[in-house]
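Engineer: Have a look at this one before I ask anything.
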Amino acid sequence: DKPKPSNLMEPLNCEFNYFNFIVSGEEGYYLLCNGLIGYWDGEIDHKATPLCKRPDCSHRTDECTAFISGAYKKMFYIDGALYLFSSFGRKDPVTKAEEIPLWKVAADGSSKERVLYVKELPQLYTIFQDHVYYESCTEDEKGKYISRIHSKPLNGGEEIVIWESSLQSSSAGPLQGIGDRLYFRESGIDMAIDVTVPGFDFNNVETERNFYTYQPETGELQKNPEFDGKDGKNIFFRNIYEGKLYYSYGEEREKEFWCKPLEGEEAGTFIGVQSSGVNKADSDFMYGHCIMDLERGTSSVKAYDHEGNLVQEIQLPNGANDMAWIPVTEEYILGYYTGQVNEEGKSGTAIILIERDKLAEGKAEMIRIFEN
């Protein structure tokens with residue numbers, strides 16, 4: 001039997017920049033490229049197709065159900081529909097403030113609609129237990145950034161603030177729902193500062209980091225609890241594969257990779273020491289982010305075994321400046337990159353496939369299955 005799609009609902013399959021280009025549905029996968037949503041059935045020799053039922057559609061206008069103009073680079077699959085924000089909003093009729101829409105797109109491509117608006121442009125967001133959680137960041141007259149996390153029901157009910165940072169010039173980290181709790185990080189400065197003072201230098205200021213959990217049912221908020229028996233301040237969620245959460249633990253330059261079942265109380269299992277530049281892992285490999293060679297004008301990504309040995313370095317197309325791996329099944333790994341997406345030199349975003357058995361042999365190639 002064909003392996004079932006992994007749980008790709010969570011946004012941290014691509015932790016850096018908080019991207020979520022690829023989510024699994026009931027039978028296959030939904031892919032997001034520059035605002036265009038595609039569907040892929042999971043067959044290696046098949047391409048993805050735009051999620052649109054209109055004949056002769058250009059997939060470039062608001063009439064196309066597969067195209068969301070100004071779409072954020074993250075979407076979610078929930079109960080037969082896809083949800084994603086667009087940066088193109090509306091003015092509140094009373095306050096005249098900009099409001100940002102959350103779109104709902106039917107999984108069969110038959111319709112799309114705006115289901116709610118949020119008050120501020122989200123810095124990052126997730127959907128968890130039928131609520132949208134998002135961060136806003138506002139600046140006061142002295143240059144202090146105040147980070148808040150908001151919660152709003154998908155049915156359009158009342159919006160509330162569940163957390164506000166007490167740190168100076170703060171920001172919240174990735175939002176991640178696991179089990180019955182929402183997890184997020186915070187970084188900022190625990191002292192009064194004034195960036196308007198001449199000669200102010202951030203390099204002389206120590207940054208504080210904290211780790212929080214939030215229980216939506218009770219409203220309980222915990223600061224710096226343990227996770228899997230470890231200090232939460234040094235936990236970094238990385239990706240989810242085959243029902244397990246992969247996370248790194250440790251100081252900035254000396255991290256270990258662990259994995260823990262999403263369900264139950266089973267303790268985590270040590271995977272290996274995190275090599276430089278590695279930000280994802282699964283049962284076979286550890287995966288590195290995009291590395292650019294400025295002298296040659298090229299870029300590549302690397303895969304390692306759990307002992308940190310290089311398995312393969314894969315060159316990216318000309319002009320590619322970003323790439324993220326997403327472990328999916330025992331057959332293949334998916335990923336996305338920005339840069340050249342076809343032989344004619346067109347630039348955009350592409351979703352690619354890498355066959356796992358060929359990667360193990362050091363002979364993998366990137367196969368484009370969707371681009372825009």
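By order of appearance in the structure tokens: chains A, B, ..., then residues from 1 within every chain, and ligands from 1 in the order shown.
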Among region 110-250 of chain A, which ones does DSSP assign to helix (DSSP H, G or I) (computed from the backbone)? Answer as a list in words.

Structural biologist: Phe202, Asn203, Asn204, Gly232, Lys233 and Asn234 of chain A

Engineer: Write out as a CSV table (one decimal) with N, CA, C and O atoms, in the first residue's frame all residues of region 11-246 of chain A that backbone DSSP assigns to strand (DSSP E or B).

Structural biologist:
chain,number,residue,atom,x,y,z
A,14,CYS,N,8.7,23.8,8.5
A,14,CYS,CA,9.6,24.7,8.0
A,14,CYS,C,9.8,25.9,9.0
A,14,CYS,O,9.2,26.9,8.9
A,19,PHE,N,7.4,29.1,7.4
A,19,PHE,CA,6.7,28.7,6.2
A,19,PHE,C,5.9,27.4,6.4
A,19,PHE,O,6.4,26.5,7.1
A,20,ASN,N,4.9,27.2,5.6
A,20,ASN,CA,4.2,25.9,5.6
A,20,ASN,C,3.5,25.8,4.2
A,20,ASN,O,2.4,26.0,4.0
A,22,ILE,N,3.4,23.1,2.4
A,22,ILE,CA,2.9,21.7,2.0
A,22,ILE,C,2.1,21.1,3.2
A,22,ILE,O,2.6,21.1,4.3
A,23,VAL,N,0.8,20.8,2.9
A,23,VAL,CA,0.0,20.1,3.9
A,23,VAL,C,-0.7,18.9,3.3
A,23,VAL,O,-0.9,18.8,2.1
A,24,SER,N,-1.0,17.9,4.2
A,24,SER,CA,-1.6,16.7,3.7
A,24,SER,C,-3.1,16.8,3.9
A,24,SER,O,-3.6,17.4,4.9
A,29,TYR,N,-1.8,15.7,-1.2
A,29,TYR,CA,-1.2,16.8,-0.6
A,29,TYR,C,-1.6,18.1,-1.3
A,29,TYR,O,-1.9,18.1,-2.5
A,30,TYR,N,-1.6,19.2,-0.5
A,30,TYR,CA,-1.9,20.5,-1.1
A,30,TYR,C,-0.7,21.4,-1.0
A,30,TYR,O,0.0,21.4,0.0
A,31,LEU,N,-0.3,22.0,-2.1
A,31,LEU,CA,0.9,22.7,-2.2
A,31,LEU,C,0.6,24.2,-2.5
A,31,LEU,O,-0.3,24.5,-3.2
A,32,LEU,N,1.5,25.1,-1.9
A,32,LEU,CA,1.3,26.5,-2.1
A,32,LEU,C,2.5,27.1,-2.7
A,32,LEU,O,3.6,27.1,-2.2
A,33,CYS,N,2.4,27.8,-3.9
A,33,CYS,CA,3.5,28.4,-4.6
A,33,CYS,C,3.1,29.8,-5.0
A,33,CYS,O,2.2,30.0,-5.9
A,36,LEU,N,-0.6,30.4,-5.4
A,36,LEU,CA,-1.3,29.4,-6.2
A,36,LEU,C,-1.3,28.1,-5.5
A,36,LEU,O,-0.3,27.5,-5.1
A,37,ILE,N,-2.5,27.5,-5.2
A,37,ILE,CA,-2.7,26.3,-4.5
A,37,ILE,C,-2.8,25.1,-5.5
A,37,ILE,O,-3.6,25.2,-6.5
A,38,GLY,N,-2.0,24.1,-5.3
A,38,GLY,CA,-2.1,22.9,-6.2
A,38,GLY,C,-2.4,21.7,-5.4
A,38,GLY,O,-2.2,21.6,-4.2
A,39,TYR,N,-2.9,20.6,-6.1
A,39,TYR,CA,-3.2,19.3,-5.5
A,39,TYR,C,-2.3,18.3,-6.1
A,39,TYR,O,-2.1,18.2,-7.3
A,40,TRP,N,-1.7,17.4,-5.3
A,40,TRP,CA,-0.8,16.3,-5.7
A,40,TRP,C,-1.3,15.0,-5.1
A,40,TRP,O,-1.5,15.0,-3.9
A,49,THR,N,-1.5,19.7,-9.9
A,49,THR,CA,-2.3,20.5,-10.7
A,49,THR,C,-3.0,21.6,-9.9
A,49,THR,O,-3.3,21.4,-8.7
A,50,PRO,N,-3.2,22.8,-10.5
A,50,PRO,CA,-3.9,23.9,-9.7
A,50,PRO,C,-5.3,23.4,-9.2
A,50,PRO,O,-6.0,22.7,-9.9
A,67,PHE,N,-6.2,30.6,-6.6
A,67,PHE,CA,-5.2,31.7,-6.4
A,67,PHE,C,-5.7,32.6,-5.4
A,67,PHE,O,-6.8,33.1,-5.4
A,71,ALA,N,-1.1,36.0,-0.8
A,71,ALA,CA,-1.2,34.9,0.2
A,71,ALA,C,0.1,34.8,1.0
A,71,ALA,O,1.2,34.9,0.5
A,74,LYS,N,1.9,30.2,4.2
A,74,LYS,CA,1.6,29.1,5.2
A,74,LYS,C,0.1,28.8,5.0
A,74,LYS,O,-0.7,29.8,4.9
A,76,PHE,N,-3.2,25.7,6.1
A,76,PHE,CA,-3.6,24.6,6.9
A,76,PHE,C,-4.8,23.8,6.3
A,76,PHE,O,-5.6,24.4,5.6
A,77,TYR,N,-4.8,22.5,6.5
A,77,TYR,CA,-6.0,21.7,6.1
A,77,TYR,C,-6.8,21.3,7.3
A,77,TYR,O,-6.3,20.7,8.2
A,78,ILE,N,-8.0,21.7,7.3
A,78,ILE,CA,-8.9,21.4,8.5
A,78,ILE,C,-10.3,21.0,7.9
A,78,ILE,O,-11.0,21.8,7.2
A,81,ALA,N,-11.1,21.6,4.2
A,81,ALA,CA,-10.9,23.0,3.6
A,81,ALA,C,-9.5,23.4,4.0
A,81,ALA,O,-8.9,22.9,4.9
A,82,LEU,N,-9.0,24.4,3.2
A,82,LEU,CA,-7.7,25.0,3.4
A,82,LEU,C,-7.9,26.4,3.9
A,82,LEU,O,-8.8,27.1,3.4
A,83,TYR,N,-7.0,26.8,4.8
A,83,TYR,CA,-7.1,28.1,5.4
A,83,TYR,C,-5.7,28.8,5.2
A,83,TYR,O,-4.7,28.2,5.5
A,84,LEU,N,-5.8,30.1,4.8
A,84,LEU,CA,-4.6,30.9,4.7
A,84,LEU,C,-4.9,32.4,4.7
A,84,LEU,O,-6.0,32.8,4.3
A,85,PHE,N,-4.0,33.1,5.2
A,85,PHE,CA,-4.1,34.6,5.3
A,85,PHE,C,-3.6,35.2,4.0
A,85,PHE,O,-2.8,34.7,3.3
A,86,SER,N,-4.2,36.4,3.7
A,86,SER,CA,-3.7,37.2,2.6
A,86,SER,C,-3.4,38.6,3.1
A,86,SER,O,-4.1,39.1,4.0
A,90,ARG,N,-8.9,44.9,4.1
A,90,ARG,CA,-9.9,45.9,3.9
A,90,ARG,C,-9.8,47.0,5.1
A,90,ARG,O,-9.1,46.7,6.1
A,91,LYS,N,-10.4,48.1,4.9
A,91,LYS,CA,-10.5,49.1,6.0
A,91,LYS,C,-11.7,48.9,6.8
A,91,LYS,O,-12.8,48.7,6.3
A,98,GLU,N,-6.6,48.9,9.0
A,98,GLU,CA,-6.5,47.8,8.1
A,98,GLU,C,-6.9,46.5,8.8
A,98,GLU,O,-6.4,46.2,9.9
A,99,GLU,N,-7.7,45.6,8.1
A,99,GLU,CA,-8.0,44.3,8.6
A,99,GLU,C,-7.6,43.3,7.6
A,99,GLU,O,-7.7,43.4,6.4
A,100,ILE,N,-7.0,42.2,8.1
A,100,ILE,CA,-6.4,41.1,7.3
A,100,ILE,C,-7.3,39.9,7.2
A,100,ILE,O,-7.7,39.4,8.2
A,101,PRO,N,-7.6,39.4,6.0
A,101,PRO,CA,-8.6,38.3,5.9
A,101,PRO,C,-8.0,36.9,5.9
A,101,PRO,O,-6.8,36.7,5.5
A,102,LEU,N,-8.7,36.0,6.5
A,102,LEU,CA,-8.4,34.6,6.5
A,102,LEU,C,-9.3,34.0,5.4
A,102,LEU,O,-10.5,34.0,5.5
A,103,TRP,N,-8.7,33.3,4.4
A,103,TRP,CA,-9.4,32.7,3.4
A,103,TRP,C,-9.7,31.2,3.7
A,103,TRP,O,-8.8,30.5,4.3
A,104,LYS,N,-10.8,30.7,3.3
A,104,LYS,CA,-11.2,29.3,3.3
A,104,LYS,C,-11.4,28.8,1.9
A,104,LYS,O,-12.3,29.4,1.2
A,105,VAL,N,-10.6,27.8,1.5
A,105,VAL,CA,-10.7,27.3,0.1
A,105,VAL,C,-11.2,25.8,0.2
A,105,VAL,O,-10.6,25.0,1.0
A,106,ALA,N,-12.2,25.5,-0.5
A,106,ALA,CA,-12.7,24.1,-0.5
A,106,ALA,C,-11.7,23.1,-1.0
A,106,ALA,O,-11.0,23.5,-2.0
A,112,LYS,N,-14.1,29.5,-2.7
A,112,LYS,CA,-13.3,30.1,-1.7
A,112,LYS,C,-14.0,31.3,-1.1
A,112,LYS,O,-14.9,31.9,-1.8
A,113,GLU,N,-13.7,31.6,0.1
A,113,GLU,CA,-14.4,32.7,0.8
A,113,GLU,C,-13.6,33.3,1.9
A,113,GLU,O,-12.7,32.6,2.5
A,114,ARG,N,-13.8,34.5,2.2
A,114,ARG,CA,-13.2,35.1,3.4
A,114,ARG,C,-14.0,34.8,4.6
A,114,ARG,O,-15.2,35.1,4.6
A,115,VAL,N,-13.5,34.2,5.6
A,115,VAL,CA,-14.3,33.7,6.8
A,115,VAL,C,-14.1,34.6,8.0
A,115,VAL,O,-15.0,34.6,8.9
A,116,LEU,N,-13.0,35.3,8.1
A,116,LEU,CA,-12.9,36.2,9.2
A,116,LEU,C,-11.7,37.2,8.9
A,116,LEU,O,-11.0,37.0,8.0
A,117,TYR,N,-11.7,38.3,9.7
A,117,TYR,CA,-10.6,39.3,9.6
A,117,TYR,C,-10.0,39.4,11.0
A,117,TYR,O,-10.6,39.3,12.0
A,118,VAL,N,-8.7,39.7,11.0
A,118,VAL,CA,-8.0,40.0,12.2
A,118,VAL,C,-7.5,41.5,12.2
A,118,VAL,O,-7.4,42.1,11.1
A,125,TYR,N,1.5,32.9,12.7
A,125,TYR,CA,0.2,32.4,13.1
A,125,TYR,C,0.1,30.9,13.0
A,125,TYR,O,0.9,30.2,12.3
A,126,THR,N,-0.8,30.3,13.7
A,126,THR,CA,-1.2,28.9,13.5
A,126,THR,C,-2.7,28.8,13.8
A,126,THR,O,-3.3,29.7,14.3
A,127,ILE,N,-3.2,27.6,13.4
A,127,ILE,CA,-4.6,27.3,13.6
A,127,ILE,C,-4.6,26.1,14.5
A,127,ILE,O,-4.0,25.1,14.2
A,128,PHE,N,-5.3,26.2,15.7
A,128,PHE,CA,-5.2,25.1,16.7
A,128,PHE,C,-6.5,25.1,17.4
A,128,PHE,O,-7.0,26.1,17.9
A,131,HIS,N,-9.3,27.7,16.5
A,131,HIS,CA,-9.0,29.1,16.8
A,131,HIS,C,-7.7,29.4,15.9
A,131,HIS,O,-6.8,28.6,15.7
A,132,VAL,N,-7.7,30.7,15.5
A,132,VAL,CA,-6.5,31.3,14.9
A,132,VAL,C,-5.7,31.9,16.0
A,132,VAL,O,-6.3,32.7,16.8
A,133,TYR,N,-4.4,31.6,16.2
A,133,TYR,CA,-3.5,32.2,17.1
A,133,TYR,C,-2.5,33.0,16.3
A,133,TYR,O,-1.9,32.4,15.4
A,134,TYR,N,-2.3,34.3,16.6
A,134,TYR,CA,-1.3,35.0,15.8
A,134,TYR,C,-0.6,36.1,16.6
A,134,TYR,O,-1.2,36.5,17.7
A,135,GLU,N,0.6,36.4,16.2
A,135,GLU,CA,1.4,37.4,16.9
A,135,GLU,C,1.2,38.8,16.2
A,135,GLU,O,1.2,38.9,15.0
A,136,SER,N,1.1,39.8,17.0
A,136,SER,CA,1.2,41.2,16.5
A,136,SER,C,2.4,41.8,17.3
A,136,SER,O,2.7,41.5,18.4
A,137,CYS,N,3.0,42.8,16.6
A,137,CYS,CA,4.1,43.5,17.2
A,137,CYS,C,3.9,45.0,16.9
A,137,CYS,O,3.9,45.4,15.8
A,138,THR,N,3.8,45.8,18.0
A,138,THR,CA,3.6,47.3,17.8
A,138,THR,C,4.8,48.0,18.5
A,138,THR,O,5.4,47.5,19.4
A,139,GLU,N,5.1,49.2,18.0
A,139,GLU,CA,6.2,50.0,18.4
A,139,GLU,C,5.7,51.2,19.1
A,139,GLU,O,4.8,51.9,18.6
A,145,TYR,N,9.3,47.5,21.1
A,145,TYR,CA,8.4,46.7,20.4
A,145,TYR,C,7.6,45.8,21.4
A,145,TYR,O,8.3,45.1,22.2
A,146,ILE,N,6.3,45.8,21.3
A,146,ILE,CA,5.5,45.0,22.3
A,146,ILE,C,4.9,43.9,21.5
A,146,ILE,O,4.1,44.1,20.6
A,147,SER,N,5.2,42.7,21.9
A,147,SER,CA,4.7,41.5,21.2
A,147,SER,C,3.5,40.9,22.0
A,147,SER,O,3.5,40.8,23.2
A,148,ARG,N,2.4,40.6,21.2
A,148,ARG,CA,1.2,40.0,21.8
A,148,ARG,C,0.8,38.8,21.0
A,148,ARG,O,1.1,38.7,19.8
A,149,ILE,N,0.1,37.9,21.6
A,149,ILE,CA,-0.5,36.7,20.9
A,149,ILE,C,-2.0,36.8,21.1
A,149,ILE,O,-2.5,36.9,22.2
A,150,HIS,N,-2.7,36.8,20.0
A,150,HIS,CA,-4.1,36.9,19.9
A,150,HIS,C,-4.8,35.6,19.6
A,150,HIS,O,-4.1,34.7,19.0
A,151,SER,N,-6.0,35.4,20.0
A,151,SER,CA,-6.8,34.2,19.7
A,151,SER,C,-8.1,34.6,19.2
A,151,SER,O,-8.8,35.5,19.8
A,152,LYS,N,-8.5,34.0,18.1
A,152,LYS,CA,-9.9,34.3,17.5
A,152,LYS,C,-10.5,33.0,17.0
A,152,LYS,O,-9.8,32.3,16.2
A,153,PRO,N,-11.7,32.7,17.3
A,153,PRO,CA,-12.4,31.5,16.8
A,153,PRO,C,-12.6,31.5,15.3
A,153,PRO,O,-12.8,32.6,14.7
A,160,ILE,N,-9.4,37.8,21.5
A,160,ILE,CA,-8.8,38.1,22.8
A,160,ILE,C,-7.3,38.1,22.7
A,160,ILE,O,-6.7,37.4,21.8
A,161,VAL,N,-6.6,38.7,23.6
A,161,VAL,CA,-5.1,38.6,23.8
A,161,VAL,C,-4.8,37.7,24.9
A,161,VAL,O,-5.3,37.8,26.0
A,162,ILE,N,-4.1,36.6,24.6
A,162,ILE,CA,-3.8,35.6,25.6
A,162,ILE,C,-2.5,35.8,26.2
A,162,ILE,O,-2.2,35.2,27.3
A,163,TRP,N,-1.6,36.6,25.6
A,163,TRP,CA,-0.3,36.8,26.2
A,163,TRP,C,0.3,38.1,25.7
A,163,TRP,O,0.1,38.5,24.5
A,164,GLU,N,1.0,38.9,26.6
A,164,GLU,CA,1.7,40.1,26.2
A,164,GLU,C,3.1,40.0,26.8
A,164,GLU,O,3.2,39.8,28.0
A,168,GLN,N,11.5,44.2,26.7
A,168,GLN,CA,11.7,45.3,25.8
A,168,GLN,C,12.0,44.7,24.4
A,168,GLN,O,12.7,43.7,24.3
A,169,SER,N,11.6,45.4,23.4
A,169,SER,CA,11.9,45.0,22.0
A,169,SER,C,11.7,43.5,21.8
A,169,SER,O,12.7,42.8,21.3
A,170,SER,N,10.6,43.0,22.1
A,170,SER,CA,10.4,41.5,22.2
A,170,SER,C,9.8,41.0,20.9
A,170,SER,O,9.2,41.8,20.1
A,171,SER,N,9.9,39.7,20.7
A,171,SER,CA,9.2,39.0,19.6
A,171,SER,C,8.8,37.6,20.1
A,171,SER,O,9.6,37.0,20.9
A,172,ALA,N,7.8,37.1,19.6
A,172,ALA,CA,7.4,35.7,19.9
A,172,ALA,C,7.9,34.7,18.9
A,172,ALA,O,8.0,35.1,17.7
A,176,GLN,N,3.1,26.5,18.0
A,176,GLN,CA,3.0,25.1,17.7
A,176,GLN,C,1.9,24.5,18.6
A,176,GLN,O,2.1,24.5,19.9
A,177,GLY,N,0.9,23.9,18.1
A,177,GLY,CA,-0.1,23.2,18.8
A,177,GLY,C,0.2,21.7,18.9
A,177,GLY,O,0.4,21.1,17.8
A,178,ILE,N,0.3,21.1,20.1
A,178,ILE,CA,0.6,19.7,20.3
A,178,ILE,C,-0.3,19.2,21.4
A,178,ILE,O,-0.3,19.8,22.5
A,181,ARG,N,-2.2,21.6,24.1
A,181,ARG,CA,-1.5,22.8,24.5
A,181,ARG,C,-0.9,23.5,23.2
A,181,ARG,O,-0.5,22.9,22.3
A,182,LEU,N,-0.8,24.8,23.4
A,182,LEU,CA,-0.1,25.7,22.4
A,182,LEU,C,1.3,26.0,23.0
A,182,LEU,O,1.4,26.4,24.1
A,183,TYR,N,2.3,25.9,22.2
A,183,TYR,CA,3.7,26.2,22.6
A,183,TYR,C,4.2,27.4,21.8
A,183,TYR,O,4.0,27.5,20.6
A,184,PHE,N,5.0,28.2,22.5
A,184,PHE,CA,5.7,29.3,21.7
A,184,PHE,C,6.8,29.8,22.6
A,184,PHE,O,7.0,29.5,23.8
A,185,ARG,N,7.7,30.5,21.9
A,185,ARG,CA,8.9,31.1,22.5
A,185,ARG,C,8.9,32.6,22.5
A,185,ARG,O,8.1,33.2,21.7
A,186,GLU,N,9.7,33.2,23.3
A,186,GLU,CA,9.8,34.6,23.4
A,186,GLU,C,11.3,35.0,23.5
A,186,GLU,O,12.1,34.4,24.1
A,187,SER,N,11.6,36.1,22.8
A,187,SER,CA,13.0,36.7,23.0
A,187,SER,C,12.9,38.2,23.1
A,187,SER,O,12.0,38.8,22.5
A,188,GLY,N,13.7,38.8,23.9
A,188,GLY,CA,13.7,40.2,24.1
A,188,GLY,C,14.7,40.6,25.1
A,188,GLY,O,15.6,39.9,25.4
A,189,ILE,N,14.6,41.9,25.6
A,189,ILE,CA,15.6,42.5,26.5
A,189,ILE,C,14.9,42.8,27.8
A,189,ILE,O,13.9,43.5,27.8
A,208,GLU,N,17.2,37.9,26.4
A,208,GLU,CA,16.6,36.9,27.3
A,208,GLU,C,15.6,36.1,26.4
A,208,GLU,O,14.9,36.6,25.6
A,209,ARG,N,15.6,34.7,26.7
A,209,ARG,CA,14.6,33.9,25.9
A,209,ARG,C,13.8,33.1,26.9
A,209,ARG,O,14.3,32.6,28.0
A,210,ASN,N,12.5,32.9,26.6
A,210,ASN,CA,11.6,32.2,27.4
A,210,ASN,C,10.7,31.2,26.6
A,210,ASN,O,10.6,31.4,25.4
A,211,PHE,N,10.2,30.2,27.3
A,211,PHE,CA,9.4,29.2,26.6
A,211,PHE,C,8.1,29.1,27.3
A,211,PHE,O,8.0,29.0,28.6
A,212,TYR,N,6.9,29.1,26.6
A,212,TYR,CA,5.6,29.1,27.2
A,212,TYR,C,4.7,28.0,26.7
A,212,TYR,O,4.9,27.5,25.5
A,213,THR,N,3.8,27.6,27.5
A,213,THR,CA,2.7,26.7,27.1
A,213,THR,C,1.4,27.4,27.5
A,213,THR,O,1.3,28.0,28.5
A,214,TYR,N,0.4,27.2,26.6
A,214,TYR,CA,-0.9,27.7,26.9
A,214,TYR,C,-2.0,26.6,26.7
A,214,TYR,O,-2.0,25.9,25.7
A,215,GLN,N,-2.9,26.5,27.7
A,215,GLN,CA,-3.9,25.5,27.6
A,215,GLN,C,-5.2,26.2,27.3
A,215,GLN,O,-5.8,26.9,28.2
A,220,GLU,N,-4.7,28.3,31.2
A,220,GLU,CA,-3.5,28.3,31.9
A,220,GLU,C,-2.3,28.6,31.1
A,220,GLU,O,-2.1,28.0,30.0
A,221,LEU,N,-1.4,29.5,31.5
A,221,LEU,CA,-0.2,29.9,30.8
A,221,LEU,C,1.0,29.6,31.7
A,221,LEU,O,1.0,30.0,32.9
A,222,GLN,N,1.9,28.8,31.2
A,222,GLN,CA,3.1,28.4,32.0
A,222,GLN,C,4.3,29.0,31.3
A,222,GLN,O,4.5,28.9,30.1
A,223,LYS,N,5.2,29.5,32.2
A,223,LYS,CA,6.5,30.1,31.7
A,223,LYS,C,7.6,29.2,32.0
A,223,LYS,O,7.8,28.8,33.2
A,226,GLU,N,9.3,22.4,31.9
A,226,GLU,CA,10.1,21.4,31.3
A,226,GLU,C,9.3,20.8,30.1
A,226,GLU,O,8.1,20.8,30.1
A,227,PHE,N,10.1,20.3,29.1
A,227,PHE,CA,9.5,19.6,28.0
A,227,PHE,C,10.3,18.3,27.8
A,227,PHE,O,11.5,18.4,27.6
A,230,LYS,N,13.3,18.2,29.9
A,230,LYS,CA,14.4,19.1,29.6
A,230,LYS,C,14.0,20.5,29.8
A,230,LYS,O,12.8,20.8,29.8
A,231,ASP,N,14.9,21.4,30.0
A,231,ASP,CA,14.7,22.8,30.2
A,231,ASP,C,14.1,23.4,28.9
A,231,ASP,O,14.7,23.3,27.8
A,235,ILE,N,14.7,24.2,24.1
A,235,ILE,CA,13.9,23.3,23.2
A,235,ILE,C,13.6,24.1,21.9
A,235,ILE,O,13.0,25.2,22.0
A,236,PHE,N,13.8,23.5,20.8
A,236,PHE,CA,13.4,24.1,19.5
A,236,PHE,C,12.7,23.0,18.7
A,236,PHE,O,13.3,22.0,18.2
A,237,PHE,N,11.4,23.2,18.5
A,237,PHE,CA,10.7,22.2,17.6
A,237,PHE,C,11.1,22.4,16.2
A,237,PHE,O,11.2,23.5,15.7
A,238,ARG,N,11.3,21.3,15.5
A,238,ARG,CA,11.8,21.3,14.1
A,238,ARG,C,10.9,20.8,13.1
A,238,ARG,O,10.6,21.5,12.1
A,239,ASN,N,10.3,19.6,13.2
A,239,ASN,CA,9.4,19.1,12.2
A,239,ASN,C,8.7,17.8,12.8
A,239,ASN,O,9.0,17.4,13.9
A,240,ILE,N,7.7,17.4,12.0
A,240,ILE,CA,6.9,16.2,12.4
A,240,ILE,C,6.9,15.2,11.3
A,240,ILE,O,6.8,15.5,10.1
A,241,TYR,N,7.2,14.0,11.7
A,241,TYR,CA,7.3,12.9,10.7
A,241,TYR,C,6.8,11.6,11.3
A,241,TYR,O,7.2,11.2,12.4
A,244,LYS,N,5.7,11.6,14.9
A,244,LYS,CA,6.7,11.9,16.0
A,244,LYS,C,7.1,13.4,15.8
A,244,LYS,O,7.3,13.8,14.6
A,245,LEU,N,7.3,14.1,16.9
A,245,LEU,CA,7.9,15.4,16.9
A,245,LEU,C,9.4,15.3,17.0
A,245,LEU,O,9.9,14.7,17.9
A,246,TYR,N,10.1,16.0,16.0
A,246,TYR,CA,11.5,16.0,16.1
A,246,TYR,C,11.9,17.4,16.6
A,246,TYR,O,11.4,18.4,16.1

Engineer: Leaving out Glu371 (chain A) and any residue of its chain fewer than 3 positions from it, which residues lie within 7 Å of it when counting only C-alpha atoms, given as JSON, numbers by chain?

Structural biologist: {"A": [33, 341, 349, 350, 351]}

Engineer: Enter the distance from CA of Asn155 (chain A) to CA of Pro216 (chain A), in Å, rounded to one decimal.

Structural biologist: 16.0 Å

Engineer: Could you tell me how far CA of Arg60 (chain A) sits from CA of Ile44 (chain A), in Å to one decimal place?

Structural biologist: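 For CA of Ile44 (chain A) relative to CA of Arg60 (chain A), the distance reads 26.9 Å.
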
Engineer: Using only C-alpha atoms, which protein or nucleic acid residues come within 7 Å of region 256-260 of chain A? Drop anything in the same chain fewer than 4 positions from it, and give the result as a compact mmCIF listing (two decimals) with N, CA, C and O atoms, in the first residue's frame.

Structural biologist:
# COMPACT_ATOMS: atom_id res chain seq x y z
N LYS A 244 5.68 11.57 14.94
CA LYS A 244 6.66 11.94 15.96
C LYS A 244 7.12 13.38 15.76
O LYS A 244 7.26 13.85 14.63
N LEU A 245 7.33 14.05 16.88
CA LEU A 245 7.88 15.40 16.87
C LEU A 245 9.39 15.32 16.97
O LEU A 245 9.93 14.67 17.86
N TYR A 246 10.08 15.95 16.04
CA TYR A 246 11.54 16.03 16.08
C TYR A 246 11.92 17.42 16.59
O TYR A 246 11.43 18.44 16.10
N TYR A 247 12.78 17.43 17.60
CA TYR A 247 13.18 18.70 18.19
C TYR A 247 14.66 18.69 18.53
O TYR A 247 15.27 17.63 18.70
N SER A 248 15.23 19.88 18.61
CA SER A 248 16.62 20.00 19.04
C SER A 248 16.66 20.58 20.44
O SER A 248 15.77 21.31 20.87
N TYR A 249 17.73 20.24 21.16
CA TYR A 249 17.87 20.66 22.55
C TYR A 249 19.31 21.04 22.81
O TYR A 249 20.23 20.32 22.40
N GLY A 250 19.52 22.16 23.49
CA GLY A 250 20.87 22.56 23.85
C GLY A 250 21.12 24.02 23.56
O GLY A 250 20.23 24.76 23.14
N ALA A 267 8.76 8.93 26.68
CA ALA A 267 9.89 9.86 26.66
C ALA A 267 10.54 9.90 25.29
O ALA A 267 10.43 8.96 24.49
N GLY A 268 11.26 10.98 25.01
CA GLY A 268 11.91 11.15 23.73
C GLY A 268 13.10 10.23 23.56
O GLY A 268 13.67 9.69 24.51
N THR A 269 13.49 10.05 22.29
CA THR A 269 14.63 9.21 21.92
C THR A 269 15.71 10.07 21.28
O THR A 269 15.43 10.89 20.40
N PHE A 270 16.95 9.88 21.72
CA PHE A 270 18.07 10.62 21.16
C PHE A 270 18.34 10.19 19.73
O PHE A 270 18.40 9.01 19.42
N ILE A 271 18.49 11.17 18.82
CA ILE A 271 18.75 10.89 17.41
C ILE A 271 20.23 11.06 17.07
O ILE A 271 20.86 10.20 16.47
N GLY A 272 20.79 12.17 17.45
CA GLY A 272 22.18 12.44 17.14
C GLY A 272 22.53 13.88 17.43
O GLY A 272 21.65 14.70 17.76
N VAL A 273 23.79 14.23 17.32
CA VAL A 273 24.24 15.60 17.54
C VAL A 273 23.97 16.40 16.28
O VAL A 273 24.22 15.95 15.16
N GLN A 274 23.44 17.59 16.47
CA GLN A 274 23.06 18.42 15.33
C GLN A 274 24.30 19.01 14.66
O GLN A 274 25.07 19.73 15.28

Engineer: Pick out the residues sitting within 10 Å of region 357-359 of chain A, and hand them over as a PyMOL selection string; count only C-alpha atoms, and ignore anything fewer than 2 positions along from it in its own chain.

Structural biologist: chain A and resi 285+303+311-314+330-333+354-355+361-365

Engineer: Considering only C-alpha atoms, state which residue in the set A:His306, A:Asn34, A:Ile367, A:His46 is at the smallest distance from Gly70 (chain A).

Structural biologist: A:Asn34
